[in-house]
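**Q** Before I ask anything, here is the structure I am working with.
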4 protein chains.
Amino acid sequence: MSDAGHNSSDERLRLFIERIERFEEDKAIIAEDIKDVYVEVKAMGYDAKIVRQLVRLRKLAEHDRKEQQALLETYASAIGLDLI
Amino acid sequence: MSDAGHNSSDERLRLFIERIERFEEDKAIIAEDIKDVYVEVKAMGYDAKIVRQLVRLRKLAEHDRKEQQALLETYASAIGLDLI
Amino acid sequence: MSDAGHNSSDERLRLFIERIERFEEDKAIIAEDIKDVYVEVKAMGYDAKIVRQLVRLRKLAEHDRKEQQALLETYASAIGLDLI
Amino acid sequence: MSDAGHNSSDERLRLFIERIERFEEDKAIIAEDIKDVYVEVKAMGYDAKIVRQLVRLRKLAEHDRKEQQALLETYASAIGLDLI
DNA sequence: CTGCCATTTTACCGGC
DNA sequence: GCCGGTAAAATGGCAG
């Protein structure tokens with residue numbers, strides 16, 4: 001590259017990669033935090049496996065709720081009803 | 001449970017689950033951020049697939065370095081040498 | 001199912017499952033073999049943990065080599081070069 | 001090492017590692033075979049996920065059966081009954 | 001929409 | 001005998 005030092009292509013690419021890597025580190029840290037919570041959960045005598053299932057079920061329920069909401073809005077829109 | 005509302009078992013469990021859920025939301029947000037970076041990457045004309053592979057390779061290299069370090073420490077420990 | 005015994009659907013499924021189970025038995029036997037080698041390793045005075053780490057490191061190196069090869073091929077493909 | 005070429009320590013270690021690696025390759029091949037069967041399973045219109053569960057359940061059942069058998073033999077032995 | 005990759009979950013193995 | 005960590009399996013998600 002000729003315009004040396006002025007955000008050359010390679011430099012930009014490197015910056016992108018480093019941004020991604022920083023985000024992934026953050027993600028890994030949070031994953032650690034979650035693991036720590038499960039350690040606590042276990043230490044309190046709960047069965048971590050069951051708690052995991054609870055979390056998953058709640059997520060599913062949330063998802064379903066949103067689906068339901070979307071469906072409702074679709075219907076509402078279809079009959080010209082403005083929910084907002 | 002008699003002492004209703006005062007950190008009863010169910011309450012504690014609920015708090016654990018909510019903590020986990022908040023962390024998972026954070027994680028999801030970061031995952032979104034990463035996706036966004038890839039959108040930028042693509043918009044700058046880079047091949048996202050290649051960038052992903054680069055990121056993965058760098059991660060592998062890091063991982064290998066750690067494994068080698070671990071092996072070294074195992075060796076050290078095996079011969080009774082305290083590295084710290 | 002009416003045409004009993006003539007490769008009915010259930011029969012085919014059963015055959016699939018049995019094939020899988022036979023493969024898994026084979027796999028379990030090999031896992032045993034590996035364990036036996038580690039017993040020997042230990043009996044010869046080696047530290048099994050170190051040997052395990054060595055095996056893992058060599059595998060990682062192999063894996064990295066393949067990833068690099070894949071990246072190379074992606075590059076080649078990106079510039080319209082057909083390596084094959 | 002002085003007694004060069006006569007199964008020196010390093011040589012023996014290398015042989016152990018190579019034996020392990022060969023076994024692990026074999027294991028990997030079988031794992032591939034199993035994956036292939038699941039591809040077939042899917043191609044025949046079965047739900048691979050369900051089939052996996054069936055395989056797992058059968059394994060559990062087998063395991064339980066053996067436990068039961070062991071228990072029976074323990075009881076038999078306890079009352080001086082020779083099952084064989 | 002299919003296949004692949006990352007994450008998650010389960011099973012295993014060794015150490016205490 | 002359990003518990004901790006490590007490897008394998010499985011599921012889910014995302015890119016092509």
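Ordering of the structure tokens sets the chain letters (A, B, ...), residue numbers begin anew at 1 in every chain, and ligands are numbered from 1 in the order given.
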Name the residues in contact with Ile29 in chain C at a cut-off of 12 Å, using only C-alpha atoms (C1' of nucleotides), excluding same-chain residues fewer than 5 positions from it; report them as a list in words.
**A** Arg22, Phe23, Glu24, Ile34, Lys35 and Asp36 of chain C; Phe23, Glu24, Asp26, Lys27 and Ile30 of chain D
**Q** Those residues you just picked out, can you put them in a file as a tab-separated table (two decimals), in the first residue's frame with N, CA, C and O atoms?
**A**
```
chain	number	residue	atom	x	y	z
C	22	ARG	N	-23.70	-51.17	17.31
C	22	ARG	CA	-22.49	-51.95	17.07
C	22	ARG	C	-21.28	-51.02	16.93
C	22	ARG	O	-20.22	-51.27	17.52
C	23	PHE	N	-21.45	-49.95	16.20
C	23	PHE	CA	-20.36	-48.98	16.07
C	23	PHE	C	-19.95	-48.41	17.43
C	23	PHE	O	-18.77	-48.26	17.73
C	24	GLU	N	-20.94	-48.15	18.23
C	24	GLU	CA	-20.62	-47.57	19.54
C	24	GLU	C	-19.89	-48.57	20.43
C	24	GLU	O	-19.04	-48.17	21.22
C	34	ILE	N	-7.22	-47.54	24.67
C	34	ILE	CA	-6.46	-46.33	24.99
C	34	ILE	C	-6.18	-46.26	26.49
C	34	ILE	O	-5.07	-45.99	26.92
C	35	LYS	N	-7.21	-46.56	27.25
C	35	LYS	CA	-7.03	-46.57	28.70
C	35	LYS	C	-5.92	-47.54	29.09
C	35	LYS	O	-5.07	-47.23	29.95
C	36	ASP	N	-5.93	-48.71	28.46
C	36	ASP	CA	-4.90	-49.70	28.76
C	36	ASP	C	-3.51	-49.16	28.46
C	36	ASP	O	-2.57	-49.40	29.22
D	23	PHE	N	-4.98	-45.33	17.90
D	23	PHE	CA	-6.28	-45.70	18.48
D	23	PHE	C	-7.27	-44.54	18.33
D	23	PHE	O	-8.44	-44.75	17.99
D	24	GLU	N	-6.80	-43.35	18.56
D	24	GLU	CA	-7.72	-42.22	18.49
D	24	GLU	C	-8.19	-41.98	17.06
D	24	GLU	O	-9.34	-41.57	16.84
D	26	ASP	N	-8.63	-44.39	14.91
D	26	ASP	CA	-9.64	-45.43	14.73
D	26	ASP	C	-10.98	-44.98	15.31
D	26	ASP	O	-12.03	-45.13	14.68
D	27	LYS	N	-10.88	-44.44	16.48
D	27	LYS	CA	-12.10	-43.97	17.16
D	27	LYS	C	-12.78	-42.90	16.32
D	27	LYS	O	-14.01	-42.91	16.14
D	30	ILE	N	-14.66	-44.39	13.40
D	30	ILE	CA	-15.95	-44.97	13.81
D	30	ILE	C	-16.97	-43.88	14.10
D	30	ILE	O	-18.14	-43.99	13.73
```
**Q** Can you tell me which residues surround Val37 in chain D at a distance of at most 10 Å, considering only C-alpha atoms (C1' of nucleotides), apart from same-chain residues fewer than 6 positions away, and format the answer as a list in words?
**A**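 With the cut-off at 10 Å, the set is Phe16, Ile17, Arg19, Ile20 and Phe23 of chain C; Ala31, Ala43 and Ala48 of chain D.
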**Q** So which bits of range 1-64 of chain A end up alpha helix (DSSP H) when you DSSP the backbone, as an MDAnalysis selection string?
**A** chainID A and resid 9:43 48:64
**Q** Could you work out which residues of chain F fall inside 10 Å of chain B? Count only C-alpha atoms (C1' of nucleotides), and format the result as a PyMOL selection string.
**A** chain F and resi 14-16
**Q** Considering only C-alpha atoms (C1' of nucleotides), extract the chain E residues located within 12 Å of chain A and return them as a ChimeraX atom specification.
**A** /E:7-10
**Q** Which residue gives the smallest distance to chain B among A:Ala61, A:Leu71, A:Leu81, A:Leu54, with only C-alpha atoms counted?
**A**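 Among the listed residues, the smallest separation from chain B belongs to A:Leu54.
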**Q** Please determine the contact residues of chain B with respect to chain C at a cut-off of 9 Å, counting only C-alpha atoms, and supply them as an NGL selection string.
**A** :B and (47 or 49-50 or 53-54 or 56-57 or 60-61 or 64 or 67-68 or 70-71 or 74-75 or 78)
**Q** Hey, can you check how far CA of Ala28 in chain B sits from CA of Val39 in chain A?
**A**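 Here the two named atoms are 21.5 Å from each other.
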**Q** Can you measure CA of Met44 in chain C to C1' of DG14 in chain E for me? One decimal in Å is fine.
**A**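 Computing it gives 18.0 Å between the two atoms.
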**Q** Quick one, how far is C1' of DA8 in chain F from CA of Val55 in chain C?
**A**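 Going from C1' of DA8 in chain F over to CA of Val55 in chain C covers 16.2 Å.
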